[in-house]
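Engineer: work36.pdb is reproduced in full below (PDB, C-alpha atoms and all ligand atoms).
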MODEL        1
ATOM      1  CA  MET A   1       0.000   0.000   0.000
ATOM      2  CA  VAL A   2       1.402   3.378  -0.985
ATOM      3  CA  TYR A   3       0.253   6.460   0.899
ATOM      4  CA  ASP A   4       0.266   9.937  -0.553
ATOM      5  CA  VAL A   5       1.506  12.057   2.321
ATOM      6  CA  GLN A   6       2.770  15.099   0.465
ATOM      7  CA  PRO A   7       2.608  17.966   2.978
ATOM      8  CA  THR A   8       1.700  20.434   0.250
ATOM      9  CA  ALA A   9      -1.404  18.524  -0.808
ATOM     10  CA  PRO A  10      -4.303  21.011  -0.684
ATOM     11  CA  VAL A  11      -6.690  18.594   1.000
ATOM     12  CA  ARG A  12      -5.364  16.858   4.079
ATOM     13  CA  SER A  13      -7.089  14.313   6.214
ATOM     14  CA  TYR A  14      -9.284  16.228   8.623
ATOM     15  CA  LEU A  15      -8.431  16.009  12.287
ATOM     16  CA  LEU A  16     -11.825  17.105  13.569
ATOM     17  CA  SER A  17     -15.235  15.719  12.863
ATOM     18  CA  GLU A  18     -17.819  17.985  11.291
ATOM     19  CA  VAL A  19     -19.852  17.724  14.491
ATOM     20  CA  ILE A  20     -17.078  19.279  16.552
ATOM     21  CA  ILE A  21     -16.532  21.956  13.915
ATOM     22  CA  GLU A  22     -20.197  22.960  14.110
ATOM     23  CA  ASP A  23     -19.997  23.064  17.920
ATOM     24  CA  VAL A  24     -16.962  25.344  17.764
ATOM     25  CA  LYS A  25     -18.673  27.661  15.276
ATOM     26  CA  ARG A  26     -21.648  28.002  17.632
ATOM     27  CA  GLU A  27     -19.536  28.361  20.759
ATOM     28  CA  LYS A  28     -19.632  31.751  22.462
ATOM     29  CA  ARG A  29     -16.084  32.998  22.791
ATOM     30  CA  PRO A  30     -14.851  36.250  24.298
ATOM     31  CA  THR A  31     -12.803  38.305  21.839
ATOM     32  CA  LEU A  32      -9.153  38.402  22.873
ATOM     33  CA  ALA A  33      -7.974  40.687  20.095
ATOM     34  CA  GLU A  34      -9.039  42.328  16.866
ATOM     35  CA  ILE A  35      -6.684  41.976  13.908
ATOM     36  CA  ALA A  36      -7.087  44.086  10.777
ATOM     37  CA  SER A  37      -7.001  42.199   7.503
ATOM     38  CA  SER A  38      -3.673  42.500   5.720
ATOM     39  CA  THR A  39      -5.474  42.942   2.417
ATOM     40  CA  GLY A  40      -6.403  46.466   3.515
ATOM     41  CA  ASP A  41     -10.066  46.003   2.658
ATOM     42  CA  GLY A  42     -11.119  47.194   6.105
ATOM     43  CA  SER A  43     -12.024  43.770   7.407
ATOM     44  CA  VAL A  44     -11.340  43.133  11.073
ATOM     45  CA  TYR A  45     -11.039  39.606  12.396
ATOM     46  CA  HIS A  46     -11.589  38.532  15.972
ATOM     47  CA  ILE A  47      -9.284  36.212  17.867
ATOM     48  CA  GLY A  48     -10.841  34.036  20.536
ATOM     49  CA  TYR A  49     -10.107  30.881  22.466
ATOM     50  CA  SER A  50     -12.209  27.740  22.198
ATOM     51  CA  ASP A  51     -12.721  25.626  25.294
ATOM     52  CA  ILE A  52     -13.905  22.793  23.060
ATOM     53  CA  ILE A  53     -10.772  22.344  20.978
ATOM     54  CA  LYS A  54      -8.392  24.171  23.364
ATOM     55  CA  ARG A  55      -7.063  26.351  20.580
ATOM     56  CA  PHE A  56      -7.128  29.965  19.523
ATOM     57  CA  THR A  57      -9.845  30.741  17.011
ATOM     58  CA  CYS A  58     -10.339  33.340  14.306
ATOM     59  CA  ASP A  59     -13.419  34.355  12.365
ATOM     60  CA  CYS A  60     -11.614  34.831   9.054
ATOM     61  CA  PRO A  61     -12.682  32.524   6.186
ATOM     62  CA  ASP A  62      -9.270  30.887   6.000
ATOM     63  CA  TRP A  63      -9.487  29.700   9.603
ATOM     64  CA  GLN A  64     -13.163  28.799   9.594
ATOM     65  CA  TYR A  65     -13.158  26.820   6.390
ATOM     66  CA  ARG A  66      -9.691  25.285   6.382
ATOM     67  CA  ARG A  67      -7.529  25.661   9.427
ATOM     68  CA  LEU A  68     -10.155  24.805  11.995
ATOM     69  CA  ALA A  69     -10.293  21.342  10.457
ATOM     70  CA  THR A  70      -6.591  20.940   9.738
ATOM     71  CA  GLY A  71      -5.432  22.076  13.177
ATOM     72  CA  GLU A  72      -3.334  24.991  11.921
ATOM     73  CA  ASN A  73      -3.335  28.647  12.904
ATOM     74  CA  CYS A  74      -4.209  31.376  10.413
ATOM     75  CA  LYS A  75      -1.936  34.391   9.970
ATOM     76  CA  HIS A  76      -4.109  36.457  12.331
ATOM     77  CA  ILE A  77      -3.700  33.964  15.172
ATOM     78  CA  LYS A  78       0.033  33.783  14.440
ATOM     79  CA  ALA A  79       0.228  37.573  14.628
ATOM     80  CA  TYR A  80      -1.688  37.527  17.921
ATOM     81  CA  ILE A  81       0.561  34.841  19.412
ATOM     82  CA  ALA A  82       3.651  36.783  18.340
ATOM     83  CA  ARG A  83       2.372  39.779  20.269
ATOM     84  CA  ILE A  84       1.574  38.079  23.581
TER      85      ILE A  84
HETATM   86 ZN    ZN A 101      -7.682  34.560  10.780
ENDMDL
END
Rewrite the coordinates I just gave you, this time as structure tokens.
Ligand SMILES: [Zn+2]
Structural biologist:
Amino acid sequence: MVYDVQPTAPVRSYLLSEVIIEDVKREKRPTLAEIASSTGDGSVYHIGYSDIIKRFTCDCPDWQYRRLATGENCKHIKAYIARI
């Protein structure tokens, strides 16, 4: 059996079930920081902390639709962590 484990593959095996992802999206989280979008379009994203997955969270599309499932931090969370 040969496994394709290329780290750059766009779709990785998801670490979290869809049920947990929905719970995290509904979870009420206090905002820890507001990070302005680097695209300069005026968007502001909110960093929080999830008690369900014990990770920082962000409400940007990149985090919600990809990194929540893959277990990675988006650039906003990385910027927040670098500051604290
Ligand atoms: Zn983000």
Engineer: Sort by chain and increasing residue number a table of all residues of chain A within 12 Å of ligand ZN 101 (chain A), each with its closest pair of atoms and their distance in Å to one decimal, counting only C-alpha atoms and all ligand atoms, and write it as CSV.
Structural biologist:
residue,atom,partner,partner_atom,distance
A:Ala33,CA,A:ZN101,ZN,11.2
A:Glu34,CA,A:ZN101,ZN,10.0
A:Ile35,CA,A:ZN101,ZN,8.1
A:Ala36,CA,A:ZN101,ZN,9.5
A:Ser37,CA,A:ZN101,ZN,8.3
A:Ser38,CA,A:ZN101,ZN,10.2
A:Ser43,CA,A:ZN101,ZN,10.7
A:Val44,CA,A:ZN101,ZN,9.3
A:Tyr45,CA,A:ZN101,ZN,6.3
A:His46,CA,A:ZN101,ZN,7.6
A:Ile47,CA,A:ZN101,ZN,7.5
A:Gly48,CA,A:ZN101,ZN,10.3
A:Phe56,CA,A:ZN101,ZN,9.9
A:Thr57,CA,A:ZN101,ZN,7.6
A:Cys58,CA,A:ZN101,ZN,4.6
A:Asp59,CA,A:ZN101,ZN,6.0
A:Cys60,CA,A:ZN101,ZN,4.3
A:Pro61,CA,A:ZN101,ZN,7.1
A:Asp62,CA,A:ZN101,ZN,6.2
A:Trp63,CA,A:ZN101,ZN,5.3
A:Gln64,CA,A:ZN101,ZN,8.0
A:Tyr65,CA,A:ZN101,ZN,10.4
A:Arg66,CA,A:ZN101,ZN,10.5
A:Arg67,CA,A:ZN101,ZN,9.0
A:Leu68,CA,A:ZN101,ZN,10.1
A:Glu72,CA,A:ZN101,ZN,10.6
A:Asn73,CA,A:ZN101,ZN,7.6
A:Cys74,CA,A:ZN101,ZN,4.7
A:Lys75,CA,A:ZN101,ZN,5.8
A:His76,CA,A:ZN101,ZN,4.3
A:Ile77,CA,A:ZN101,ZN,6.0
A:Lys78,CA,A:ZN101,ZN,8.6
A:Ala79,CA,A:ZN101,ZN,9.3
A:Tyr80,CA,A:ZN101,ZN,9.8
A:Ile81,CA,A:ZN101,ZN,11.9
Engineer: If the PyMOL selection byres (((chain A and resi 16) around 12) and not hetatm) were run on this exact file, what residues would it hold? Put them as a PDB file with C-alpha atoms, keeping the file's coordinate frame.
Structural biologist:
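Saved to selection19.pdb:
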ATOM      1  CA  ARG A  12      -5.364  16.858   4.079  1.00  0.00           C
ATOM      2  CA  SER A  13      -7.089  14.313   6.214  1.00  0.00           C
ATOM      3  CA  TYR A  14      -9.284  16.228   8.623  1.00  0.00           C
ATOM      4  CA  LEU A  15      -8.431  16.009  12.287  1.00  0.00           C
ATOM      5  CA  SER A  17     -15.235  15.719  12.863  1.00  0.00           C
ATOM      6  CA  GLU A  18     -17.819  17.985  11.291  1.00  0.00           C
ATOM      7  CA  VAL A  19     -19.852  17.724  14.491  1.00  0.00           C
ATOM      8  CA  ILE A  20     -17.078  19.279  16.552  1.00  0.00           C
ATOM      9  CA  ILE A  21     -16.532  21.956  13.915  1.00  0.00           C
ATOM     10  CA  GLU A  22     -20.197  22.960  14.110  1.00  0.00           C
ATOM     11  CA  ASP A  23     -19.997  23.064  17.920  1.00  0.00           C
ATOM     12  CA  VAL A  24     -16.962  25.344  17.764  1.00  0.00           C
ATOM     13  CA  ILE A  52     -13.905  22.793  23.060  1.00  0.00           C
ATOM     14  CA  ILE A  53     -10.772  22.344  20.978  1.00  0.00           C
ATOM     15  CA  ARG A  66      -9.691  25.285   6.382  1.00  0.00           C
ATOM     16  CA  ARG A  67      -7.529  25.661   9.427  1.00  0.00           C
ATOM     17  CA  LEU A  68     -10.155  24.805  11.995  1.00  0.00           C
ATOM     18  CA  ALA A  69     -10.293  21.342  10.457  1.00  0.00           C
ATOM     19  CA  THR A  70      -6.591  20.940   9.738  1.00  0.00           C
ATOM     20  CA  GLY A  71      -5.432  22.076  13.177  1.00  0.00           C
ATOM     21  CA  GLU A  72      -3.334  24.991  11.921  1.00  0.00           C
TER      22      GLU A  72
END
Engineer: What's around Asp51 in chain A at 9 Å? Count all atoms listed in the file, leave out sequence neighbours fewer than 3 positions away in its own chain, and write the answer as a tab-separated table (two decimals) with C-alpha atoms, in the coordinates of the input.
Structural biologist:
chain	number	residue	atom	x	y	z
A	24	VAL	CA	-16.96	25.34	17.76
A	27	GLU	CA	-19.54	28.36	20.76
A	29	ARG	CA	-16.08	33.00	22.79
A	54	LYS	CA	-8.39	24.17	23.36
A	55	ARG	CA	-7.06	26.35	20.58
Engineer: Output as a compact mmCIF listing (two decimals), keeping the file's coordinate frame: range 32-56 of chain A, completed with N, CA and C atoms.
Structural biologist:
# COMPACT_ATOMS: atom_id res chain seq x y z
N LEU A 32 -10.44 38.09 22.23
CA LEU A 32 -9.15 38.40 22.87
C LEU A 32 -8.44 39.54 22.17
N ALA A 33 -8.65 39.65 20.87
CA ALA A 33 -7.97 40.69 20.10
C ALA A 33 -8.69 40.87 18.77
N GLU A 34 -8.54 42.05 18.21
CA GLU A 34 -9.04 42.33 16.87
C GLU A 34 -7.84 42.56 15.96
N ILE A 35 -7.81 41.87 14.83
CA ILE A 35 -6.68 41.98 13.91
C ILE A 35 -7.22 42.48 12.57
N ALA A 36 -6.65 43.56 12.07
CA ALA A 36 -7.09 44.09 10.78
C ALA A 36 -6.58 43.19 9.65
N SER A 37 -7.39 43.01 8.65
CA SER A 37 -7.00 42.20 7.50
C SER A 37 -5.82 42.83 6.79
N SER A 38 -4.86 41.99 6.40
CA SER A 38 -3.67 42.50 5.72
C SER A 38 -3.97 42.90 4.28
N THR A 39 -5.14 42.55 3.78
CA THR A 39 -5.47 42.94 2.42
C THR A 39 -5.89 44.41 2.35
N GLY A 40 -6.07 45.05 3.52
CA GLY A 40 -6.40 46.47 3.52
C GLY A 40 -7.82 46.77 3.07
N ASP A 41 -8.68 45.76 3.10
CA ASP A 41 -10.07 46.00 2.66
C ASP A 41 -10.96 46.45 3.81
N GLY A 42 -10.35 46.70 4.97
CA GLY A 42 -11.12 47.19 6.10
C GLY A 42 -11.71 46.11 6.97
N SER A 43 -11.50 44.86 6.59
CA SER A 43 -12.02 43.77 7.41
C SER A 43 -11.25 43.69 8.72
N VAL A 44 -11.98 43.36 9.78
CA VAL A 44 -11.34 43.13 11.07
C VAL A 44 -11.74 41.75 11.56
N TYR A 45 -10.76 40.95 11.93
CA TYR A 45 -11.04 39.61 12.40
C TYR A 45 -10.83 39.52 13.90
N HIS A 46 -11.57 38.63 14.51
CA HIS A 46 -11.59 38.53 15.97
C HIS A 46 -10.95 37.22 16.43
N ILE A 47 -9.96 37.37 17.30
CA ILE A 47 -9.28 36.21 17.87
C ILE A 47 -10.00 35.81 19.16
N GLY A 48 -10.24 34.54 19.32
CA GLY A 48 -10.84 34.04 20.54
C GLY A 48 -10.13 32.77 20.97
N TYR A 49 -10.68 32.15 22.02
CA TYR A 49 -10.11 30.88 22.47
C TYR A 49 -11.24 29.91 22.69
N SER A 50 -11.15 28.74 22.09
CA SER A 50 -12.21 27.74 22.20
C SER A 50 -11.92 26.77 23.33
N ASP A 51 -12.88 26.63 24.23
CA ASP A 51 -12.72 25.63 25.29
C ASP A 51 -12.98 24.22 24.77
N ILE A 52 -13.61 24.12 23.62
CA ILE A 52 -13.90 22.79 23.06
C ILE A 52 -12.65 22.16 22.47
N ILE A 53 -11.95 22.92 21.64
CA ILE A 53 -10.77 22.34 20.98
C ILE A 53 -9.47 22.82 21.61
N LYS A 54 -9.59 23.69 22.65
CA LYS A 54 -8.39 24.17 23.36
C LYS A 54 -7.40 24.82 22.41
N ARG A 55 -7.93 25.65 21.54
CA ARG A 55 -7.06 26.35 20.58
C ARG A 55 -7.57 27.76 20.39
N PHE A 56 -6.68 28.65 19.93
CA PHE A 56 -7.13 29.96 19.52
C PHE A 56 -8.00 29.84 18.28
